>>> print(open('query.csv').read())   # CSV, C-alpha atoms
chain,number,residue,atom,x,y,z
L,1,MET,CA,0.0,0.0,0.0
L,2,GLY,CA,2.9,2.4,0.7
L,3,PRO,CA,4.4,2.5,-2.8
L,4,CYS,CA,1.0,2.9,-4.3
L,5,LEU,CA,0.3,5.9,-2.1
L,6,VAL,CA,3.7,7.4,-2.9
L,7,ILE,CA,3.2,7.0,-6.6
L,8,GLU,CA,-0.4,8.3,-6.7
L,9,ALA,CA,0.1,11.2,-4.3
L,10,SER,CA,3.4,12.3,-6.1
L,11,LEU,CA,1.7,12.2,-9.5
L,12,ILE,CA,-1.3,14.2,-8.2
L,13,ILE,CA,1.1,16.8,-6.7
L,14,ILE,CA,3.0,17.1,-9.9
L,15,ARG,CA,-0.1,17.2,-12.1
L,16,ALA,CA,-2.1,19.5,-9.8
L,17,PRO,CA,-2.6,22.2,-12.4
L,18,THR,CA,-4.5,19.8,-14.6
L,19,MET,CA,-6.5,18.0,-11.9
L,20,ASP,CA,-9.5,20.3,-12.2
L,21,ARG,CA,-10.1,19.1,-15.8
L,22,TYR,CA,-10.0,15.5,-14.6
L,23,ALA,CA,-12.5,16.2,-11.8
L,24,THR,CA,-14.9,18.0,-14.1
L,25,SER,CA,-14.7,15.1,-16.6
L,26,PHE,CA,-15.0,12.5,-13.9
L,27,PHE,CA,-18.1,13.9,-12.3
L,28,SER,CA,-19.8,14.5,-15.6
L,29,GLU,CA,-20.1,10.7,-16.1
L,30,PRO,CA,-22.5,9.2,-13.4
L,31,ALA,CA,-21.6,5.6,-14.4
L,32,LEU,CA,-17.9,6.2,-13.8
L,33,VAL,CA,-18.6,7.9,-10.5
L,34,TRP,CA,-20.8,4.9,-9.4
L,35,VAL,CA,-18.2,2.2,-10.5
L,36,THR,CA,-15.4,4.1,-8.8
L,37,GLY,CA,-17.4,4.5,-5.6
L,38,SER,CA,-18.3,0.8,-5.7
L,39,ALA,CA,-14.6,-0.1,-6.2
L,40,MET,CA,-13.5,2.2,-3.4
L,41,LEU,CA,-16.1,0.8,-1.0
L,42,PHE,CA,-15.1,-2.8,-1.9
L,43,GLY,CA,-11.4,-2.1,-1.5
L,44,GLY,CA,-11.9,-0.3,1.8
L,45,VAL,CA,-14.1,-3.0,3.2
L,46,ALA,CA,-11.5,-5.6,2.1
L,47,ILE,CA,-8.8,-3.7,4.0
L,48,ILE,CA,-11.0,-3.4,7.0
L,49,ALA,CA,-11.9,-7.2,6.9
L,50,PHE,CA,-8.4,-8.5,6.4
L,51,HIS,CA,-6.4,-6.0,8.4
L,52,GLN,CA,-7.7,-6.1,12.0
L,53,TYR,CA,-4.4,-4.8,13.5
L,54,TRP,CA,-4.3,-1.7,15.7
L,55,ARG,CA,-0.8,-2.0,17.2
L,56,GLY,CA,2.0,0.1,15.9
L,57,LEU,CA,1.9,3.2,13.7
L,58,ALA,CA,2.0,1.4,10.4
L,59,ALA,CA,-0.8,-1.0,11.3
L,60,ILE,CA,-3.0,1.8,12.6
L,61,LEU,CA,-2.4,3.8,9.4
L,62,ILE,CA,-3.4,0.9,7.2
L,63,SER,CA,-6.5,0.3,9.2
L,64,LEU,CA,-7.5,4.0,9.2
L,65,LEU,CA,-6.8,4.1,5.4
L,66,GLY,CA,-9.2,1.2,4.9
L,67,TRP,CA,-11.9,3.1,6.8
L,68,PHE,CA,-11.2,6.3,4.9
L,69,ILE,CA,-11.3,4.6,1.5
L,70,ALA,CA,-14.6,2.8,2.4
L,71,LEU,CA,-16.1,6.1,3.6
L,72,ARG,CA,-15.0,7.9,0.4
L,73,GLY,CA,-16.7,5.1,-1.6
L,74,VAL,CA,-19.9,5.5,0.4
L,75,ALA,CA,-19.8,9.3,-0.2
L,76,LEU,CA,-19.3,8.8,-4.0
L,77,LEU,CA,-22.3,6.5,-4.1
L,78,ALA,CA,-24.6,8.4,-1.7
L,79,VAL,CA,-23.8,12.0,-2.3
L,80,PRO,CA,-21.8,12.4,-5.5
L,81,ASP,CA,-22.8,16.1,-5.9
L,82,TRP,CA,-21.5,16.9,-2.5
L,83,TYR,CA,-18.3,15.1,-3.2
L,84,ALA,CA,-18.0,17.0,-6.6
L,85,GLU,CA,-18.6,20.3,-4.8
L,86,ALA,CA,-15.9,19.5,-2.2
L,87,ALA,CA,-13.5,18.7,-5.1
L,88,ASN,CA,-14.3,22.1,-6.7
L,89,MET,CA,-13.7,23.9,-3.4
L,90,ALA,CA,-10.2,22.4,-3.1
L,91,GLY,CA,-9.6,23.2,-6.8
L,92,SER,CA,-6.6,25.5,-6.6
L,93,THR,CA,-3.2,24.0,-7.5
L,94,GLN,CA,-1.7,24.9,-4.1
L,95,SER,CA,-4.5,23.4,-2.1
L,96,VAL,CA,-4.5,20.2,-4.1
L,97,ARG,CA,-0.8,19.9,-3.5
L,98,LEU,CA,-1.2,20.7,0.2
L,99,ILE,CA,-4.0,18.1,0.6
L,100,PHE,CA,-1.9,15.3,-1.0
L,101,VAL,CA,1.2,15.9,1.2
L,102,LEU,CA,-0.4,13.8,4.0
L,103,PRO,CA,-1.0,10.7,1.8
L,104,LEU,CA,2.5,11.1,0.4
L,105,ALA,CA,4.0,11.2,3.9
L,106,ILE,CA,1.9,8.2,4.9
L,107,GLY,CA,2.9,6.3,1.8
L,108,LEU,CA,6.6,7.1,2.5
L,109,TRP,CA,6.3,5.9,6.1
L,110,LEU,CA,4.5,2.7,5.0
L,111,THR,CA,7.0,2.0,2.3
L,112,TYR,CA,9.9,2.5,4.7
L,113,THR,CA,8.4,0.3,7.5
L,114,GLY,CA,7.0,-2.4,5.2
L,115,TRP,CA,9.7,-2.6,2.5
L,116,ILE,CA,13.0,-1.1,3.7
L,117,ALA,CA,13.1,-1.4,7.5
L,118,ARG,CA,12.2,-5.1,7.4
L,119,GLY,CA,14.9,-5.9,5.0
L,120,VAL,CA,14.7,-8.5,2.2
L,121,PRO,CA,14.2,-12.0,3.4
L,122,SER,CA,16.9,-14.5,2.5
L,123,ARG,CA,16.2,-17.4,0.2
L,124,ASP,CA,18.1,-20.1,2.2
>>> encode(input="query.csv", output="structure tokens")
Amino acid sequence: MGPCLVIEASLIIIRAPTMDRYATSFFSEPALVWVTGSAMLFGGVAIIAFHQYWRGLAAILISLLGWFIALRGVALLAVPDWYAEAANMAGSTQSVRLIFVLPLAIGLWLTYTGWIARGVPSRD
């Protein structure tokens, strides 16, 4: 999950000036919004179901991310207009970049603790 967050947050931060076009295009297609909300809900519930660990910072972050993803999926399904308005309110390049610094930091932490700090297991 860490590398995925790092890659996605980094690309959003880099491409922040063009993200308003993506949001407008995304919310103009109700079927795309529905499918994305369903996928987010499913993914969030899967994380919640299979990651019942609340000890240690990395485990807590993963569990919280599962809940956050599931709630975002529910919001896309239940109130897509509200979600679109929230995306429009955060539409400036600087605010988009500022918002995605936190997922980038979480992704870096999870990548470090899950991939680097543990080391590569030997194949003896």
>>> closest_residue(input="query.csv", among="L:Val96, L:Leu71, L:Ala117, L:Ile7", to="Asp20 in chain L", atoms="only C-alpha atoms")
L:Val96
>>> closest_residue(input="query.csv", among="L:Ile48, L:Glu29, L:Ala39, L:Ala58", to="Tyr112 in chain L", atoms="only C-alpha atoms")
L:Ala58
>>> closest_residue(input="query.csv", among="L:Ile47, L:Ser95, L:Thr36, L:Tyr83", to="Ile60 in chain L", atoms="all atoms listed in the file")
L:Ile47
>>> atom_distance(input="query.csv", atom1="CA of Ala31 in chain L", atom2="CA of Ile14 in chain L")
27.5 Å
>>> residues_around(input="query.csv", residues="Leu110 in chain L", least_positions_apart="6", cutoff="10 Å", atoms="all atoms listed in the file", output="list of chain:residue names")
L:Met1, L:Gly2, L:Pro3, L:Cys4, L:Leu5, L:Val6, L:Leu57, L:Ala58, L:Ala59, L:Leu61, L:Ile62, L:Leu104, L:Ile116, L:Ala117
>>> closest_residue(input="query.csv", among="L:Ala9, L:Phe68, L:Phe100, L:Thr93", to="Met40 in chain L", atoms="all atoms listed in the file")
L:Phe68
>>> atom_distance(input="query.csv", atom1="CA of Ala23 in chain L", atom2="CA of Gly66 in chain L")
22.7 Å
>>> residues_around(input="query.csv", residues="Val74 in chain L", least_positions_apart="3", cutoff="12 Å", atoms="all atoms listed in the file", output="count of residues only")
24
>>> atom_distance(input="query.csv", atom1="CA of Ala75 in chain L", atom2="CA of Pro103 in chain L")
19.0 Å
>>> closest_residue(input="query.csv", among="L:Ile13, L:Gly114, L:Met19, L:Ser28", to="Asp81 in chain L", atoms="all atoms listed in the file")
L:Ser28
>>> closest_residue(input="query.csv", among="L:Gly56, L:Arg72, L:His51, L:Ser63", to="Ala86 in chain L", atoms="all atoms listed in the file")
L:Arg72
